[in-house]
file run10.txt (compact mmCIF, C-alpha atoms)
# COMPACT_ATOMS: atom_id res chain seq x y z
CA MET A 23 96.30 -117.44 -102.51
CA SER A 24 93.88 -117.14 -99.65
CA ASN A 25 91.42 -119.29 -97.91
CA THR A 26 88.46 -117.71 -96.17
CA SER A 27 88.80 -119.72 -92.99
CA THR A 28 92.44 -118.76 -92.40
CA PHE A 29 92.39 -115.35 -94.06
CA SER A 30 94.06 -112.65 -92.02
CA TYR A 31 93.49 -109.03 -93.01
CA ARG A 32 96.53 -107.94 -91.10
CA GLU A 33 98.70 -110.40 -92.95
CA GLN A 34 97.21 -109.46 -96.32
CA ILE A 35 97.89 -105.77 -95.73
CA LEU A 36 101.41 -106.42 -94.44
CA ASN A 37 102.00 -108.69 -97.39
CA GLY A 38 101.39 -105.79 -99.75
CA ILE A 39 103.56 -103.41 -97.77
CA ILE A 40 106.52 -105.69 -97.10
CA LYS A 41 106.57 -109.16 -98.60
CA GLU A 42 105.18 -108.17 -101.96
CA ASN A 43 106.06 -104.49 -101.99
CA THR A 44 105.36 -103.34 -105.54
CA ILE A 45 108.58 -101.44 -105.97
CA PHE A 46 111.11 -102.89 -103.54
CA ARG A 47 110.11 -106.53 -103.96
CA LEU A 48 108.26 -107.03 -107.22
CA ALA A 49 110.15 -104.25 -109.01
CA LEU A 50 106.97 -103.24 -110.84
CA SER A 51 105.89 -99.69 -111.77
CA LEU A 52 109.44 -98.46 -111.58
CA CYS A 53 108.97 -95.59 -114.00
CA PRO A 54 106.76 -93.49 -111.70
CA SER A 55 109.07 -94.35 -108.84
CA ILE A 56 111.76 -92.48 -110.74
CA ALA A 57 109.71 -89.87 -112.58
CA VAL A 58 107.84 -88.28 -109.69
CA THR A 59 110.11 -88.85 -106.73
CA ASN A 60 112.52 -85.95 -106.93
CA ASN A 61 110.65 -84.19 -104.20
CA LEU A 62 108.73 -85.46 -101.22
CA LYS A 63 105.45 -83.67 -101.88
CA ASN A 64 105.05 -85.06 -105.40
CA GLY A 65 106.01 -88.54 -104.24
CA VAL A 66 103.49 -88.56 -101.40
CA ILE A 67 100.63 -87.20 -103.47
CA MET A 68 101.34 -89.67 -106.23
CA GLY A 69 101.42 -92.46 -103.64
CA VAL A 70 98.08 -91.38 -102.18
CA ALA A 71 96.52 -91.23 -105.65
CA VAL A 72 97.77 -94.74 -106.41
CA LEU A 73 96.52 -95.99 -103.05
CA PHE A 74 93.04 -94.62 -103.77
CA VAL A 75 92.92 -96.04 -107.31
CA GLN A 76 94.21 -99.42 -106.16
CA VAL A 77 91.60 -99.76 -103.42
CA MET A 78 88.73 -98.61 -105.63
CA VAL A 79 89.78 -100.85 -108.51
CA ASN A 80 90.08 -103.87 -106.22
CA ILE A 81 86.64 -103.21 -104.71
CA THR A 82 85.01 -102.74 -108.11
CA ILE A 83 86.59 -105.81 -109.67
CA SER A 84 85.78 -107.95 -106.67
CA LEU A 85 82.11 -106.89 -106.79
CA MET A 86 81.97 -107.66 -110.49
CA ARG A 87 83.99 -110.85 -110.39
CA ASN A 88 81.09 -113.24 -111.00
CA PHE A 89 79.67 -111.09 -113.74
CA ILE A 90 82.77 -110.61 -115.90
CA HIS A 91 83.15 -112.99 -118.82
CA PRO A 92 86.71 -114.44 -118.78
CA LYS A 93 87.27 -113.54 -122.43
CA VAL A 94 86.84 -109.79 -121.85
CA ARG A 95 88.44 -109.83 -118.43
CA LEU A 96 91.40 -107.60 -119.30
CA PRO A 97 89.51 -104.95 -121.30
CA ILE A 98 87.09 -104.64 -118.40
CA PHE A 99 89.91 -104.31 -115.88
CA MET A 100 91.42 -101.57 -118.02
CA LEU A 101 88.08 -99.76 -118.26
CA VAL A 102 87.61 -99.89 -114.52
CA ILE A 103 91.16 -98.68 -113.89
CA SER A 104 90.95 -95.81 -116.36
CA GLY A 105 87.58 -94.83 -114.94
CA TRP A 106 88.89 -94.53 -111.42
CA VAL A 107 92.05 -92.78 -112.57
CA THR A 108 89.95 -90.20 -114.40
CA VAL A 109 87.85 -89.68 -111.27
CA THR A 110 91.04 -89.16 -109.24
CA ASP A 111 92.43 -86.84 -111.88
CA MET A 112 89.35 -84.61 -111.96
CA THR A 113 88.99 -84.59 -108.20
CA LEU A 114 92.59 -83.57 -107.61
CA ALA A 115 92.37 -80.87 -110.27
CA ALA A 116 89.37 -79.36 -108.51
CA ALA A 117 90.47 -79.90 -104.91
CA VAL A 118 94.20 -79.09 -104.96
CA PRO A 119 94.90 -77.10 -108.14
CA ASP A 120 98.41 -76.06 -107.08
CA VAL A 121 99.61 -79.60 -106.45
CA TYR A 122 97.76 -80.88 -109.48
CA GLY A 123 99.79 -78.47 -111.62
CA LYS A 124 102.88 -80.42 -110.61
CA VAL A 125 101.76 -84.06 -110.60
CA GLY A 126 98.79 -83.88 -112.95
CA LEU A 127 100.80 -85.26 -115.81
CA TYR A 128 101.66 -88.39 -113.89
CA ILE A 129 98.23 -89.03 -112.41
CA GLN A 130 96.87 -90.01 -115.81
CA LEU A 131 99.76 -92.42 -116.20
CA ILE A 132 98.44 -94.48 -113.29
CA VAL A 133 96.24 -96.18 -115.89
CA ALA A 134 99.31 -97.96 -117.21
CA PHE A 135 100.67 -99.12 -113.84
CA ALA A 136 101.44 -102.80 -113.95
CA SER A 137 100.93 -103.12 -110.21
CA ILE A 138 97.29 -102.09 -110.31
CA LEU A 139 96.35 -104.46 -113.09
CA ALA A 140 98.35 -107.20 -111.38
CA ARG A 141 96.39 -106.90 -108.11
CA ALA A 142 93.09 -106.85 -109.99
CA GLU A 143 93.99 -109.95 -111.95
CA ALA A 144 95.79 -111.92 -109.25
CA PHE A 145 93.62 -111.12 -106.27
CA ALA A 146 90.46 -109.04 -106.64
CA SER A 147 89.03 -111.10 -109.49
CA LYS A 148 89.14 -114.19 -107.28
CA ASN A 149 88.23 -112.87 -103.84
CA SER A 150 85.31 -111.26 -102.11
CA PHE A 151 84.83 -107.64 -101.12
CA MET A 152 86.63 -107.26 -97.78
CA PRO A 153 89.76 -109.31 -98.58
CA SER A 154 90.08 -107.47 -101.91
CA MET A 155 89.87 -104.15 -100.14
CA ALA A 156 92.54 -105.28 -97.67
CA ASP A 157 94.72 -106.40 -100.54
CA GLY A 158 94.29 -103.07 -102.34
CA LEU A 159 95.04 -101.22 -99.13
CA GLY A 160 98.19 -103.26 -98.54
CA SER A 161 99.49 -102.94 -102.06
CA GLY A 162 98.62 -99.22 -102.20
CA LEU A 163 100.21 -98.51 -98.83
CA GLY A 164 103.30 -100.41 -99.94
CA PHE A 165 103.51 -98.18 -103.00
CA LEU A 166 102.95 -95.04 -100.94
CA PHE A 167 105.61 -96.17 -98.49
CA ALA A 168 108.15 -96.85 -101.26
CA LEU A 169 107.50 -93.54 -103.00
CA THR A 170 107.72 -91.63 -99.73
CA VAL A 171 111.06 -93.20 -98.81
CA ILE A 172 112.53 -92.71 -102.29
CA SER A 173 111.41 -89.11 -102.63
CA LEU A 174 112.52 -88.27 -99.09
CA PHE A 175 115.97 -89.68 -99.85
CA ARG A 176 116.22 -87.89 -103.20
CA GLU A 177 114.97 -84.50 -102.10
CA LEU A 178 117.18 -84.53 -99.03
CA LEU A 179 120.33 -85.45 -100.93
CA GLY A 180 119.57 -83.68 -104.20
CA LYS A 181 118.20 -80.40 -102.92
CA GLY A 182 118.95 -80.37 -99.20
CA SER A 183 115.29 -79.74 -98.45
CA LEU A 184 112.18 -81.65 -97.39
CA TRP A 185 108.62 -80.86 -98.50
CA GLY A 186 110.10 -77.71 -100.04
CA TYR A 187 111.64 -76.49 -96.77
CA HIS A 188 115.36 -75.98 -96.85
CA ILE A 189 117.14 -77.89 -94.09
CA VAL A 190 120.67 -78.87 -95.09
CA ASN A 191 123.13 -76.11 -95.83
CA ALA A 192 125.72 -78.15 -97.72
CA LYS A 193 125.97 -78.15 -101.49
CA PRO A 194 123.42 -80.74 -102.64
CA LEU A 195 124.17 -83.67 -104.92
CA LEU A 196 122.38 -82.40 -108.01
CA ILE A 197 122.54 -85.84 -109.59
CA MET A 198 120.04 -87.23 -107.08
CA ILE A 199 117.14 -85.21 -108.48
CA LEU A 200 118.01 -86.11 -112.06
CA PRO A 201 116.70 -89.35 -113.59
CA THR A 202 120.12 -90.96 -113.07
CA GLY A 203 119.85 -90.32 -109.36
CA GLY A 204 116.44 -91.95 -109.43
CA PHE A 205 117.98 -95.22 -110.53
CA PHE A 206 120.63 -94.98 -107.82
CA ALA A 207 118.04 -94.14 -105.16
CA VAL A 208 115.73 -97.00 -106.13
CA GLY A 209 118.64 -99.45 -106.25
CA ILE A 210 120.16 -98.41 -102.96
CA LEU A 211 116.83 -98.32 -101.13
CA MET A 212 115.74 -101.62 -102.62
CA ALA A 213 118.93 -103.22 -101.33
CA ALA A 214 118.49 -101.62 -97.91
CA PHE A 215 114.85 -102.71 -97.72
CA ASN A 216 115.69 -106.29 -98.56
CA TRP A 217 118.64 -106.34 -96.17
CA ILE A 218 116.57 -105.05 -93.25
CA ASP A 219 113.75 -107.41 -94.13
CA ALA A 220 116.08 -110.40 -94.35
CA ARG A 221 117.64 -109.64 -90.96
CA HIS A 222 114.30 -109.01 -89.37
CA GLY A 223 112.91 -112.16 -90.95
CA LYS A 224 115.71 -114.22 -89.40
CA LYS A 225 115.08 -112.81 -85.94
CA SER A 226 111.34 -113.28 -85.94
CA ALA A 227 111.30 -116.44 -88.00
CA HIS A 228 109.40 -118.26 -85.31
CA ALA A 229 106.92 -115.55 -84.60
CA SER A 230 105.67 -114.73 -88.05
CA HIS A 231 106.28 -117.67 -90.34
CA MET B 27 82.58 -119.40 -128.41
CA THR B 28 78.84 -119.82 -128.37
CA GLY B 29 76.10 -117.31 -129.01
CA LYS B 30 75.50 -117.15 -125.28
CA ASP B 31 79.10 -116.07 -124.75
CA ILE B 32 78.78 -113.32 -127.29
CA ILE B 33 75.65 -112.01 -125.63
CA LYS B 34 77.31 -112.13 -122.23
CA ILE B 35 80.42 -110.33 -123.48
CA THR B 36 78.30 -107.63 -125.10
CA LEU B 37 76.29 -107.23 -121.95
CA ASN B 38 79.49 -107.08 -119.89
CA LEU B 39 80.97 -104.29 -121.93
CA VAL B 40 77.74 -102.32 -122.24
CA VAL B 41 77.17 -102.40 -118.50
CA VAL B 42 80.73 -101.37 -117.70
CA TYR B 43 80.63 -98.55 -120.24
CA LEU B 44 77.30 -97.28 -118.97
CA ILE B 45 78.19 -97.36 -115.29
CA GLY B 46 81.66 -95.97 -115.93
CA GLY B 47 80.25 -93.22 -118.12
CA LEU B 48 77.67 -92.36 -115.52
CA ILE B 49 80.22 -92.11 -112.71
CA LEU B 50 82.53 -89.97 -114.83
CA ALA B 51 79.64 -87.71 -115.85
CA VAL B 52 78.65 -87.16 -112.23
CA VAL B 53 82.22 -86.43 -111.13
CA TYR B 54 82.77 -84.13 -114.09
CA ALA B 55 79.54 -82.25 -113.39
CA LYS B 56 80.65 -81.77 -109.78
CA THR B 57 84.27 -80.83 -110.46
CA SER B 58 84.19 -78.79 -113.66
CA PRO B 59 82.48 -75.70 -112.17
CA ILE B 60 85.06 -75.76 -109.37
CA MET B 61 87.87 -76.07 -111.89
CA PHE B 62 86.41 -73.23 -113.95
CA GLN B 63 86.09 -71.07 -110.84
CA ASN B 64 89.61 -71.99 -109.75
CA ASN B 65 90.98 -70.93 -113.12
CA LYS B 66 89.10 -67.66 -113.04
CA ILE B 67 90.21 -66.84 -109.50
CA ALA B 68 93.76 -67.87 -110.34
CA LYS B 69 93.78 -65.58 -113.37
CA GLU B 70 92.43 -62.59 -111.48
CA LYS B 71 94.82 -63.24 -108.65
CA ALA B 72 97.73 -63.58 -111.06
CA LEU B 73 96.92 -60.23 -112.69
CA LYS B 74 96.47 -58.47 -109.37
CA GLU B 75 99.69 -59.94 -108.06
CA LEU B 76 101.65 -58.52 -110.99
CA MET B 77 100.31 -55.01 -110.52
CA PRO B 78 99.18 -54.66 -106.91
CA GLU B 79 99.00 -50.86 -107.08
CA ALA B 80 96.53 -50.85 -109.98
CA ASP B 81 92.87 -50.49 -109.14
CA LYS B 82 91.62 -51.42 -112.59
CA ILE B 83 93.05 -53.94 -115.01
CA GLU B 84 91.37 -53.92 -118.40
CA LYS B 85 91.91 -56.17 -121.34
CA ALA B 86 93.57 -54.21 -124.13
CA GLY B 87 93.86 -56.79 -126.88
CA ASP B 88 95.05 -60.14 -128.10
CA TRP B 89 98.27 -61.28 -129.64
CA THR B 90 99.84 -64.54 -130.69
CA ILE B 91 103.23 -66.04 -129.99
CA HIS B 92 104.34 -69.55 -130.99
CA GLU B 93 100.89 -69.83 -132.54
CA LYS B 94 99.36 -69.53 -129.11
CA HIS B 95 96.71 -67.01 -128.27
CA ALA B 96 97.47 -64.62 -125.43
CA GLU B 97 96.03 -61.42 -124.02
CA TYR B 98 97.42 -58.13 -122.84
CA PHE B 99 96.00 -55.68 -120.37
CA ILE B 100 96.25 -52.04 -119.38
CA ALA B 101 96.65 -51.36 -115.70
CA LYS B 102 95.14 -48.14 -114.43
CA LYS B 103 95.13 -46.24 -111.20
CA GLY B 104 92.23 -43.85 -111.30
CA ASP B 105 92.29 -42.62 -114.88
CA GLU B 106 96.02 -42.76 -115.25
CA THR B 107 97.68 -45.64 -117.07
CA ILE B 108 100.44 -47.00 -114.86
CA GLY B 109 101.57 -49.96 -116.91
CA TYR B 110 100.72 -53.02 -118.92
CA ILE B 111 100.37 -56.72 -118.25
CA ILE B 112 100.90 -59.27 -120.97
CA GLN B 113 100.70 -63.03 -121.18
CA SER B 114 103.43 -64.69 -123.19
CA PHE B 115 104.88 -68.08 -124.06
CA GLY B 116 108.47 -69.27 -124.32
CA LYS B 117 109.62 -72.46 -125.95
CA GLY B 118 111.38 -74.32 -123.14
CA TYR B 119 113.20 -77.61 -122.86
CA SER B 120 110.14 -79.84 -122.67
CA SER B 121 107.16 -77.50 -122.83
CA TYR B 122 105.87 -74.08 -123.71
CA ILE B 123 106.33 -71.92 -120.64
CA ASP B 124 103.27 -69.82 -119.97
CA THR B 125 104.21 -66.53 -118.34
CA LEU B 126 102.63 -63.27 -117.24
CA ILE B 127 104.68 -60.11 -117.33
CA SER B 128 103.96 -56.62 -116.07
CA VAL B 129 105.80 -53.54 -117.30
CA ASP B 130 105.62 -49.93 -116.21
CA LYS B 131 104.88 -46.95 -118.45
CA ASP B 132 108.48 -46.95 -119.70
CA PHE B 133 108.29 -50.63 -120.59
CA LYS B 134 110.65 -51.74 -117.89
CA VAL B 135 109.68 -55.10 -116.44
CA LYS B 136 108.05 -54.82 -113.05
CA LYS B 137 107.33 -58.44 -112.36
CA MET B 138 107.28 -61.80 -114.09
CA ASN B 139 105.34 -64.86 -113.08
CA ILE B 140 105.22 -68.39 -114.42
CA LEU B 141 101.66 -69.59 -114.93
CA HIS B 142 102.25 -73.03 -116.31
CA HIS B 143 105.04 -75.21 -117.62
CA ALA B 144 106.21 -78.81 -117.79
CA GLU B 145 109.96 -78.34 -117.51
CA THR B 146 112.15 -80.94 -115.85
CA PRO B 147 111.14 -81.21 -112.18
CA GLY B 148 114.02 -80.25 -109.94
CA LEU B 149 115.90 -78.39 -112.66
CA GLY B 150 113.82 -76.45 -115.17
CA ASP B 151 111.09 -75.87 -112.64
CA GLU B 152 113.49 -73.59 -110.76
CA ILE B 153 112.18 -70.88 -113.10
CA GLU B 154 109.36 -70.65 -110.58
CA ALA B 155 111.76 -69.81 -107.76
CA ASP B 156 111.72 -66.22 -106.51
CA SER B 157 115.49 -65.98 -106.88
CA PHE B 158 115.06 -66.39 -110.63
CA LYS B 159 111.87 -64.38 -111.06
CA ASN B 160 113.08 -61.41 -109.04
CA GLN B 161 115.92 -60.89 -111.46
CA PHE B 162 113.49 -59.43 -113.97
CA LYS B 163 112.63 -56.40 -111.90
CA ASP B 164 113.50 -53.13 -113.67
CA LYS B 165 115.08 -54.83 -116.68
CA ASP B 166 114.45 -53.08 -119.97
CA LEU B 167 114.49 -54.65 -123.41
CA GLU B 168 118.28 -54.39 -123.81
CA HIS B 169 118.96 -56.17 -120.54
CA LEU B 170 116.70 -59.15 -121.10
CA LYS B 171 119.55 -61.46 -121.83
CA VAL B 172 120.70 -64.64 -120.14
CA LEU B 173 124.28 -65.00 -118.96
CA LYS B 174 125.77 -68.15 -117.50
CA THR B 175 128.10 -66.13 -115.29
CA GLU B 176 127.15 -64.22 -112.21
CA THR B 177 125.33 -61.07 -113.14
CA THR B 178 122.81 -58.59 -111.84
CA GLU B 179 122.80 -56.38 -114.90
CA PHE B 180 121.43 -59.19 -117.05
CA VAL B 181 119.57 -62.37 -116.11
CA GLN B 182 121.61 -65.14 -114.58
CA ALA B 183 120.85 -68.63 -115.88
CA ILE B 184 119.74 -71.36 -113.49
CA SER B 185 122.55 -73.89 -113.32
CA GLY B 186 121.55 -76.98 -115.22
CA ALA B 187 118.59 -75.24 -116.84
CA THR B 188 119.98 -72.77 -119.34
CA ILE B 189 117.38 -73.66 -121.96
CA SER B 190 114.49 -73.00 -119.59
CA SER B 191 116.11 -69.76 -118.40
CA ARG B 192 116.58 -68.60 -122.00
CA ALA B 193 113.04 -69.59 -122.95
CA VAL B 194 111.62 -67.37 -120.22
CA THR B 195 113.98 -64.43 -120.67
CA GLU B 196 114.86 -64.19 -124.33
CA ASP B 197 111.72 -65.75 -125.71
CA ALA B 198 108.66 -65.11 -123.54
CA VAL B 199 109.58 -61.87 -121.77
CA LYS B 200 111.68 -60.20 -124.44
CA ASN B 201 109.23 -60.88 -127.26
CA SER B 202 106.27 -59.66 -125.29
CA VAL B 203 108.00 -56.50 -124.13
CA SER B 204 109.07 -55.67 -127.65
CA PHE B 205 105.54 -56.40 -128.84
CA LEU B 206 104.14 -53.98 -126.27
CA ILE B 207 106.65 -51.31 -127.28
CA LYS B 208 105.76 -51.78 -130.93
CA THR B 209 102.01 -51.73 -130.50
CA ILE B 210 101.56 -49.25 -127.70
CA LYS B 211 104.50 -46.88 -127.90
CA GLU B 212 104.85 -46.75 -131.62
CA GLY B 213 101.29 -47.54 -132.56
CA GLY B 214 99.61 -45.18 -130.13
CA ALA B 215 98.23 -45.95 -126.68
CA GLY B 216 95.32 -48.32 -126.35
CA ASN B 217 95.90 -49.96 -129.70
CA VAL B 218 93.84 -53.14 -129.76
CA GLU B 219 94.92 -54.38 -133.14
CA HIS B 220 95.57 -58.10 -133.55
CA LYS B 221 99.27 -58.65 -134.20
CA HIS B 222 101.34 -61.67 -134.96
CA ILE B 223 104.93 -62.40 -134.11

call {"tool": "encode", "arguments": {"input": "run10.txt", "output": "C-alpha cells"}}
result
Amino acid sequence: MSNTSTFSYREQILNGIIKENTIFRLALSLCPSIAVTNNLKNGVIMGVAVLFVQVMVNITISLMRNFIHPKVRLPIFMLVISGWVTVTDMTLAAAVPDVYGKVGLYIQLIVAFASILARAEAFASKNSFMPSMADGLGSGLGFLFALTVISLFRELLGKGSLWGYHIVNAKPLLIMILPTGGFFAVGILMAAFNWIDARHGKKSAHASH
Amino acid sequence: MTGKDIIKITLNLVVVYLIGGLILAVVYAKTSPIMFQNNKIAKEKALKELMPEADKIEKAGDWTIHEKHAEYFIAKKGDETIGYIIQSFGKGYSSYIDTLISVDKDFKVKKMNILHHAETPGLGDEIEADSFKNQFKDKDLEHLKVLKTETTEFVQAISGATISSRAVTEDAVKNSVSFLIKTIKEGGAGNVEHKHI
C-alpha cells in the first residue's frame, strides 16, 4: 500500500477522507451512520470519539506490529480496540456527562466497527508509527466528516434545527429523523459525494493522479 | 504450530491483557470519582430544581416500582412541609424512563423532570422537551391522563411518541402520586414504611 520513500502524509490523510471514505466510499460501519445521526450534536460527538479510537488503535497496533504473533492477530486487535473504546467511554462519562447521557449507548458499540478493525489489519499492522497515525487520522476524519454531513442534513430536514437551535419555521419532514430517513440520507449523500468527487476528479485529473 | 509459537502466543496475550488492564485501571481510578461526584451533584441539583423554594429536602423513605428501587423526599421551608419529591419509573417504548416528580401539599404536581431514558432519539426523547414537561404543572391525580388531541386539561401526547408520553404520565407520574397520597395522606405524614406497587 505504501512505500516509505514515496509516502505522502497529506495523500494518506486525504485518502481516508475522500478516496476511501469509510461511509461514502467503502460503505462500512453504516449502522452508526444511521443510528446516531438524527441530530448534529450526537453525530459530531460520535465522529470525534471514533476519530480518537481510530488514531489510538492505529498507533498501538503499529507499535506492536513486530511483536504480535500472526495467529492471534485478530484477538489482539480486538483487545486493543475494546481497551481504547472503554477509555473513551469512561472519559466522556466523566468529562461531558450531559452529552454522554445521549450517545453513551453508541460509544461502546465502536468496538464492533468494521472500519476500525479494517484500518488496523490493512494498514497499521504493516506500517510504522507516523504513517499509521496519518492513516488513522485520515480514516477517522473521513468518518467524522461523513457523520457531520449526514446528521446536519437529517436534523435540518427532520427537525428544522441545527445543534438543537431552531432555525427553519416550516413543518419538518419527520421521516428524516426516523431510521427510514437515515437510509435515505445516507443514500442521497453517498450519491452526491461520489458525483462531486467524480466531477472534481475529472477536472484535476492531471494535478492529482 | 511449534512449542515456540505457543509460548509466543501466550506471551502476546499476557502482555496485552496486562498493559490493557493497567491502562483501564488508571483511567477508571481517575474518572470514577469524577463520575461519582457528577452523579451526586446532578442528584442534588435535580432535587433543588424541582422544589426551588424549599430550604431543606430530606429523604422520607423508599419505594419500588417496576421492581426498581426509588426514593421519596419531604421538602420543607423552615419547619413547614411544603411538598414532596419522588423518583419514579415508567415503562416506555424502549427503556424504563427515570423521572423525578414534585408535588405540593395537596398532591398536585408542581414539576416533573426526566432523569434518564433510552427512548427513540428524535421522537421519544421529546419527553425531555419543556413543552411536554410543563404540561404537568398543577395536574392532580384525575388529570394525569394522555390524550392524542389538543388539550390543556389533560396531558397532550407527543406526536409519534404516544407510548413514551403514556409511560411518563400514566405510569411514572400517576403511580408515584397515588403512592404518595396513599402513604402520606392516608397513612399519616412522614410515613417511612417500605411499600410495593

call {"tool": "interface_residues", "arguments": {"input": "run10.txt", "of": "chain A", "to": "chain B", "cutoff": "8 Å", "atoms": "all atoms listed in the file", "output": "number ranges by chain"}}
result
A: 60-61, 89-91, 93-94, 98, 101-102, 105, 108-109, 112-113, 115-116, 119, 123, 199-200

call {"tool": "axis_aligned_box", "arguments": {"input": "run10.txt", "around": "segment 51-66 of chain A", "padding_each_side": "4 Å", "output": "AutoDock Vina command-line options"}}
result
--center_x 108.0 --center_y -91.7 --center_z -107.6 --size_x 17.0 --size_y 24.0 --size_z 20.8

call {"tool": "atom_distance", "arguments": {"input": "run10.txt", "atom1": "atom CA of Asn216 of chain A", "atom2": "atom CA of Ile45 of chain A"}}
result
11.4 Å

call {"tool": "closest_residue", "arguments": {"input": "run10.txt", "among": "A:Ala192, A:Met152, A:Leu163, A:Ile172", "to": "Ser55 of chain A", "atoms": "all atoms listed in the file"}}
result
A:Ile172

call {"tool": "atom_distance", "arguments": {"input": "run10.txt", "atom1": "atom CA of Ser161 of chain A", "atom2": "atom CA of Leu85 of chain A"}}
result
18.4 Å

call {"tool": "atom_distance", "arguments": {"input": "run10.txt", "atom1": "atom CA of Gly180 of chain A", "atom2": "atom CA of Pro194 of chain A"}}
result
5.1 Å

call {"tool": "residues_near_point", "arguments": {"input": "run10.txt", "point": "(108.2, -105.4, -114.3)", "cutoff": "12 Å", "atoms": "all atoms listed in the file", "output": "ChimeraX atom specification"}}
result
/A:44-53,134-137,139-140

call {"tool": "residues_around", "arguments": {"input": "run10.txt", "residues": "Gly204 of chain A", "least_positions_apart": "2", "cutoff": "12 Å", "atoms": "only C-alpha atoms", "output": "ChimeraX atom specification"}}
result
/A:52-61,169,171-177,179-180,196-202,206-212 /B:148

call {"tool": "closest_residue", "arguments": {"input": "run10.txt", "among": "B:Val135, B:Val40, B:Leu206, B:Ile153", "to": "Ala193 of chain B", "atoms": "only C-alpha atoms"}}
result
B:Ile153

call {"tool": "residues_near_point", "arguments": {"input": "run10.txt", "point": "(110.4, -105.2, -96.9)", "cutoff": "6 Å", "atoms": "only C-alpha atoms", "output": "list in words"}}
result
Ile40, Lys41, Phe215, Asn216 and Asp219 of chain A

call {"tool": "residues_around", "arguments": {"input": "run10.txt", "residues": "Ile140 of chain B", "least_positions_apart": "5", "cutoff": "7 Å", "atoms": "only C-alpha atoms", "output": "CSV table (one decimal) with C-alpha atoms, in the coordinates of the input"}}
result
chain,number,residue,atom,x,y,z
B,124,ASP,CA,103.3,-69.8,-120.0
B,125,THR,CA,104.2,-66.5,-118.3
B,126,LEU,CA,102.6,-63.3,-117.2
B,154,GLU,CA,109.4,-70.6,-110.6

call {"tool": "closest_residue", "arguments": {"input": "run10.txt", "among": "A:Ala146, A:Ile129, A:Val121, A:Met68", "to": "Arg95 of chain A", "atoms": "all atoms listed in the file"}}
result
A:Ala146

call {"tool": "closest_residue", "arguments": {"input": "run10.txt", "among": "B:Tyr122, B:Phe158, B:Phe205, B:Phe133", "to": "His92 of chain B", "atoms": "all atoms listed in the file"}}
result
B:Tyr122

call {"tool": "residues_around", "arguments": {"input": "run10.txt", "residues": "Ile184 of chain B", "least_positions_apart": "6", "cutoff": "10 Å", "atoms": "all atoms listed in the file", "output": "list of chain:residue names"}}
result
B:Leu149, B:Gly150, B:Asp151, B:Glu152, B:Ile153, B:Ala155, B:Ser157, B:Phe158, B:Val172, B:Leu173, B:Lys174, B:Ser190, B:Ser191, B:Arg192

call {"tool": "write_last_selection", "arguments": {"input": "run10.txt", "atoms": "C-alpha atoms", "output": "tab-separated table (two decimals), in the frame of the given file"}}
result
chain	number	residue	atom	x	y	z
B	149	LEU	CA	115.90	-78.39	-112.66
B	150	GLY	CA	113.82	-76.45	-115.17
B	151	ASP	CA	111.09	-75.87	-112.64
B	152	GLU	CA	113.49	-73.59	-110.76
B	153	ILE	CA	112.18	-70.88	-113.10
B	155	ALA	CA	111.76	-69.81	-107.76
B	157	SER	CA	115.49	-65.98	-106.88
B	158	PHE	CA	115.06	-66.39	-110.63
B	172	VAL	CA	120.70	-64.64	-120.14
B	173	LEU	CA	124.28	-65.00	-118.96
B	174	LYS	CA	125.77	-68.15	-117.50
B	190	SER	CA	114.49	-73.00	-119.59
B	191	SER	CA	116.11	-69.76	-118.40
B	192	ARG	CA	116.58	-68.60	-122.00
